[in-house]
Every structure is written in C-alpha cells, then in structure tokens.
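K.L.:
Structure provided below as structure tokens; questions to follow.
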Amino acid sequence: MAYKYIDNYREQGGRKQLVELLRKKGIADEQVLAAIGKVPRHYFFDETFWNQAYKDIAFPIGEGQTISQPYTVAYQTELLHIRKGDTVLEIGTGCGYQTCILLELGAKVYTIERQEKLYIRTKQVLPHIGYKANFFCGDGSKGMPKYAPFNKIIVTAGAPFVPEDMLQQLAVGGILVIPVGDEQSQKMVTILKVSDTDYEKVVLDTFRFVPLVGDRAW
Ligand code: SAH
C-alpha cells in the first residue's frame, strides 16, 4: 500500500464520533463499541479517502468488494457474544476490518476469502498494523472442517440459505451469524447450537451484503 499508517487526532476524533453514532443507533455492547473505538478503520482506505473512513457507510475496497458499514460490523459482532479465547471462523475476510474487531475482543480468528488479490493484500496488511489472524484463500461456503469446531462463525456475505456444513462445524453452545436472503436483501440470522442435534434460530433485521459465492452458496 502506498500510504503510511498514521493515526492523527482527526481520525481519532472521527472514531469517537462513530462510536457515539453507533450507540445512538442501538449498539449497546460496550466491548464491541470499545473495539470500534480502537481499530483504525482509515488504515483500510487509500489516504485520499480518509475523510470517509469514520462515516457509517460501506465503501469500495477493490475487486468489486466493499468494506462493510461500521453499523453492520458492530451489529454482527454484538450477536456473536465473543468471549476472550473463542475460536472464530470468519467467512469473507475482505479488507480485514471485521477481523480486527474480532481480534480486539480476544478471539482466535480463522478467516477465509475467495478472492486471491484481497487475501494476499489483507494477509500482508493486518500483521503490519498489529493484528494476527490465520488467513486462508478459498471457498468458505463449506466452512473450514479442518479447524472445526468453532465457538463462533460469522459470514460477512449474503447467503441464499444456511449451509449445513457450518452448523456441523459449530461447537455445542456455539453461534452462527449469517445474512440470508436473495441478492437484493438479506435478513440477519443467528443460530445457537444447543446440542448436537438442536438449534435455536432467530431472524433479525434486513441488510444488503455482497453475495456469498461458492459451492454451498450462489
Ligand atoms: N468482512 C469484510 C467485508 C467483506 S465483503 C469487512 O470487514 O469489511 C464480503 C467478502 O466475502 C468479499 O471480499 C467476498 O470476496 C467474500 N466472499 C464471498 N463469497 C465467499 C466465499 N464463498 N468464501 C470466502 N469469501 C467469500
């Protein structure tokens, strides 16, 4: 990346205002808000667009993909109820902003991205700005059986249905958060694995994600 990683007062101030905005919009988990307050979101933008980094909007990150809206990141993260030491599978690494939020909360993160260019870029950027995750390139619509079970699974792209493989890869007591719907809009779905055979599903608000593309997806 061509620009330097500097966290100026302007960006720090922007981050504080963003946290207050998210609080007003209904994000209540203080740990999630603290994580949003810590991760320099402008590091994921070209310097020309730093003035956009702390607006509550999604933004193009190349390869036709976007960095998710901060509200959406906070919303999904809140639903995951991350505890320190949780093993988390993230499907759709993108630029890695959500990954950093999970890491701030003390999770051990496995993250998979199907677009090689994004995978390569994010795998380089995150350690550089102080965040360590396990990066993989490939189709995450089948989850990642090799590293299962996971305490939490988060899908950051819109799925046509809940892939069975992901449910199997959840630990008992684990939570899957996945947007499910058509290509235009999806409902946020959370699934709690109560036992090896029982699940509790809750359908929440409407969002618009880029599509989950793969074997068990679009
Ligand atoms: N988590 C990101 C948002 C990424 S957008 C953030 O913090 O901003 C969703 C990402 O999912 C895109 O980069 C897209 O390429 C990726 N994706 C779509 N289908 C996928 C699949 N089957 N496996 C892995 N990644 C996928």
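Ordering of the structure tokens sets the chain letters (A, B, ...), residue numbers begin anew at 1 in every chain, and ligands are numbered from 1 in the order given.
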Quick one: residues within 9 Å of ligand 1, with only C-alpha atoms and all ligand atoms, as a VMD selection string?
P.N.:
chain A and resid 44 58 to 59 61 63 to 70 73 90 to 101 111 to 116 118 to 119 136 to 143 155 to 159 209 to 218
K.L.:
Residues at most 7 Å from Tyr54 of chain A, counting only C-alpha atoms, excluding those fewer than 4 positions away in the same chain, as a list in words?
P.N.:
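Contacts, with the query itself left out: Gly14, Arg15 and Leu18 of chain A.
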K.L.:
Any idea what the distance is between atom CA of Leu103 of chain A and atom CA of Gly181 of chain A?
P.N.:
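Value for the atom CA of Leu103 of chain A-atom CA of Gly181 of chain A distance: 28.0 Å.
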K.L.:
Let's see if you can do this: from backbone DSSP, list all strand (DSSP E or B) residues in segment 186-215 of chain A, as a list in words.
P.N.:
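Taking segment 186-215 of chain A and keeping strand (DSSP E or B) only, one gets Gln186, Lys187, Met188, Val189, Thr190, Ile191, Leu192, Lys193, Tyr199, Glu200, Lys201, Val202, Val203, Leu204, Asp205, Thr206, Phe207 and Pro211 of chain A.
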K.L.:
From the list A:Tyr131, A:Tyr110, A:Tyr75, A:Phe207, which residue is nearest Asp29 of chain A when using only C-alpha atoms?
P.N.:
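Checking each candidate against Asp29 of chain A, we get A:Tyr75 as the closest.
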K.L.:
Show me, as a Markdown table, the residues of segment 27-126 of chain A having an atom within 12 Å of segment 164-176 of chain A, each with the closest atom pair and its distance in Å, using only C-alpha atoms.
P.N.:
```
| residue | atom | partner | partner_atom | distance |
| --- | --- | --- | --- | --- |
| A:Gln76 | CA | A:Leu176 | CA | 10.0 |
| A:Thr77 | CA | A:Leu176 | CA | 10.9 |
| A:Glu78 | CA | A:Ile175 | CA | 11.4 |
| A:Leu79 | CA | A:Ile175 | CA | 8.3 |
| A:Leu80 | CA | A:Ile175 | CA | 6.3 |
| A:His81 | CA | A:Ile175 | CA | 8.4 |
| A:Ile82 | CA | A:Ile175 | CA | 9.5 |
| A:Arg83 | CA | A:Gly174 | CA | 11.2 |
| A:Asp86 | CA | A:Gly174 | CA | 9.6 |
| A:Thr87 | CA | A:Ala171 | CA | 9.7 |
| A:Val88 | CA | A:Leu170 | CA | 9.6 |
| A:Leu89 | CA | A:Leu176 | CA | 9.4 |
| A:Glu90 | CA | A:Leu176 | CA | 10.0 |
| A:Ile91 | CA | A:Met166 | CA | 10.3 |
```
K.L.:
Residues of the last selection are to be written out with all heavy atoms, as a tab-separated table (two decimals), in the first residue's frame.
P.N.:
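Writing the result to again15.tsv gives the following:
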```tsv
chain	number	residue	atom	x	y	z
A	76	GLN	N	-23.26	-7.40	13.73
A	76	GLN	CA	-22.92	-8.83	13.65
A	76	GLN	C	-22.04	-9.25	14.83
A	76	GLN	O	-22.21	-10.32	15.39
A	76	GLN	CB	-22.19	-9.13	12.33
A	76	GLN	CG	-23.12	-9.20	11.13
A	76	GLN	CD	-22.44	-9.88	9.94
A	76	GLN	OE1	-21.53	-9.33	9.35
A	76	GLN	NE2	-22.90	-11.06	9.58
A	77	THR	N	-21.10	-8.37	15.19
A	77	THR	CA	-20.18	-8.71	16.27
A	77	THR	C	-20.92	-8.85	17.59
A	77	THR	O	-20.68	-9.78	18.36
A	77	THR	CB	-19.08	-7.64	16.39
A	77	THR	OG1	-18.50	-7.43	15.10
A	77	THR	CG2	-17.99	-8.08	17.36
A	78	GLU	N	-21.87	-7.93	17.82
A	78	GLU	CA	-22.65	-7.98	19.05
A	78	GLU	C	-23.39	-9.32	19.17
A	78	GLU	O	-23.44	-9.93	20.23
A	78	GLU	CB	-23.65	-6.81	19.05
A	78	GLU	CG	-24.31	-6.54	20.36
A	78	GLU	CD	-25.04	-5.19	20.37
A	78	GLU	OE1	-25.91	-4.97	19.52
A	78	GLU	OE2	-24.71	-4.36	21.23
A	79	LEU	N	-23.93	-9.79	18.04
A	79	LEU	CA	-24.68	-11.05	18.04
A	79	LEU	C	-23.81	-12.27	18.33
A	79	LEU	O	-24.29	-13.31	18.76
A	79	LEU	CB	-25.38	-11.24	16.69
A	79	LEU	CG	-26.52	-10.26	16.38
A	79	LEU	CD1	-26.99	-10.43	14.95
A	79	LEU	CD2	-27.68	-10.47	17.36
A	80	LEU	N	-22.52	-12.14	18.08
A	80	LEU	CA	-21.61	-13.27	18.29
A	80	LEU	C	-21.27	-13.50	19.76
A	80	LEU	O	-20.84	-14.58	20.14
A	80	LEU	CB	-20.30	-13.05	17.52
A	80	LEU	CG	-20.35	-13.25	16.00
A	80	LEU	CD1	-19.04	-12.79	15.38
A	80	LEU	CD2	-20.62	-14.70	15.64
A	81	HIS	N	-21.47	-12.48	20.59
A	81	HIS	CA	-21.13	-12.59	22.03
A	81	HIS	C	-19.74	-13.19	22.23
A	81	HIS	O	-19.59	-14.23	22.89
A	81	HIS	CB	-22.19	-13.42	22.78
A	81	HIS	CG	-23.54	-12.78	22.75
A	81	HIS	ND1	-23.89	-11.72	23.56
A	81	HIS	CD2	-24.63	-13.03	21.97
A	81	HIS	CE1	-25.14	-11.36	23.30
A	81	HIS	NE2	-25.60	-12.13	22.33
A	82	ILE	N	-18.75	-12.57	21.65
A	82	ILE	CA	-17.37	-13.08	21.72
A	82	ILE	C	-16.86	-13.06	23.14
A	82	ILE	O	-16.99	-12.06	23.86
A	82	ILE	CB	-16.43	-12.21	20.85
A	82	ILE	CG1	-16.87	-12.17	19.38
A	82	ILE	CG2	-14.97	-12.71	20.99
A	82	ILE	CD1	-16.65	-13.42	18.62
A	83	ARG	N	-16.27	-14.18	23.53
A	83	ARG	CA	-15.55	-14.23	24.81
A	83	ARG	C	-14.09	-14.42	24.49
A	83	ARG	O	-13.73	-15.07	23.50
A	83	ARG	CB	-16.04	-15.41	25.65
A	83	ARG	CG	-17.42	-15.17	26.17
A	83	ARG	CD	-17.72	-16.15	27.30
A	83	ARG	NE	-19.15	-16.44	27.30
A	83	ARG	CZ	-19.67	-17.66	27.41
A	83	ARG	NH1	-18.88	-18.71	27.51
A	83	ARG	NH2	-20.97	-17.84	27.40
A	86	ASP	N	-12.31	-17.33	22.41
A	86	ASP	CA	-13.19	-18.02	21.46
A	86	ASP	C	-12.45	-18.28	20.15
A	86	ASP	O	-11.72	-17.41	19.66
A	86	ASP	CB	-14.41	-17.13	21.10
A	86	ASP	CG	-15.58	-17.33	22.04
A	86	ASP	OD1	-15.51	-18.22	22.91
A	86	ASP	OD2	-16.57	-16.58	21.90
A	87	THR	N	-12.69	-19.45	19.57
A	87	THR	CA	-12.20	-19.73	18.23
A	87	THR	C	-13.28	-19.32	17.25
A	87	THR	O	-14.41	-19.82	17.33
A	87	THR	CB	-11.89	-21.24	18.07
A	87	THR	OG1	-10.95	-21.59	19.09
A	87	THR	CG2	-11.29	-21.53	16.72
A	88	VAL	N	-12.94	-18.40	16.37
A	88	VAL	CA	-13.95	-17.83	15.46
A	88	VAL	C	-13.57	-18.08	14.01
A	88	VAL	O	-12.41	-17.86	13.62
A	88	VAL	CB	-14.09	-16.30	15.68
A	88	VAL	CG1	-15.12	-15.71	14.73
A	88	VAL	CG2	-14.47	-16.00	17.13
A	89	LEU	N	-14.54	-18.53	13.22
A	89	LEU	CA	-14.36	-18.64	11.78
A	89	LEU	C	-15.07	-17.47	11.13
A	89	LEU	O	-16.27	-17.26	11.37
A	89	LEU	CB	-14.92	-19.96	11.25
A	89	LEU	CG	-14.98	-20.11	9.72
A	89	LEU	CD1	-13.57	-20.05	9.11
A	89	LEU	CD2	-15.67	-21.41	9.32
A	90	GLU	N	-14.33	-16.70	10.33
A	90	GLU	CA	-14.93	-15.60	9.58
A	90	GLU	C	-14.90	-15.95	8.09
A	90	GLU	O	-13.83	-16.24	7.56
A	90	GLU	CB	-14.14	-14.30	9.81
A	90	GLU	CG	-14.70	-13.13	9.02
A	90	GLU	CD	-13.78	-11.91	8.99
A	90	GLU	OE1	-12.54	-12.09	9.03
A	90	GLU	OE2	-14.29	-10.79	8.92
A	91	ILE	N	-16.06	-15.91	7.46
A	91	ILE	CA	-16.12	-16.22	6.03
A	91	ILE	C	-16.33	-14.92	5.26
A	91	ILE	O	-17.37	-14.25	5.44
A	91	ILE	CB	-17.21	-17.27	5.75
A	91	ILE	CG1	-16.82	-18.57	6.47
A	91	ILE	CG2	-17.37	-17.51	4.26
A	91	ILE	CD1	-17.98	-19.42	6.87
```
K.L.:
Please identify all polymer residues within 9 Å of Tyr43 of chain A, counting only C-alpha atoms, omitting same-chain residues fewer than 4 positions from it, and present them as a PyMOL selection string.
P.N.:
chain A and resi 3-7+39+47+50+53+125+129
K.L.:
Assign secondary structure with DSSP using the backbone only, and return the residues of chain A in alpha helix (DSSP H) as an MDAnalysis selection string.
P.N.:
chainID A and resid 9:24 30:38 70:80 97:104 116:128 164:168
K.L.:
Expressed in Å to a single decimal, how great is the separation between atom CA of Pro179 of chain A and atom CA of Ile120 of chain A?
P.N.:
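Pair atom CA of Pro179 of chain A / atom CA of Ile120 of chain A returns 25.3 Å.
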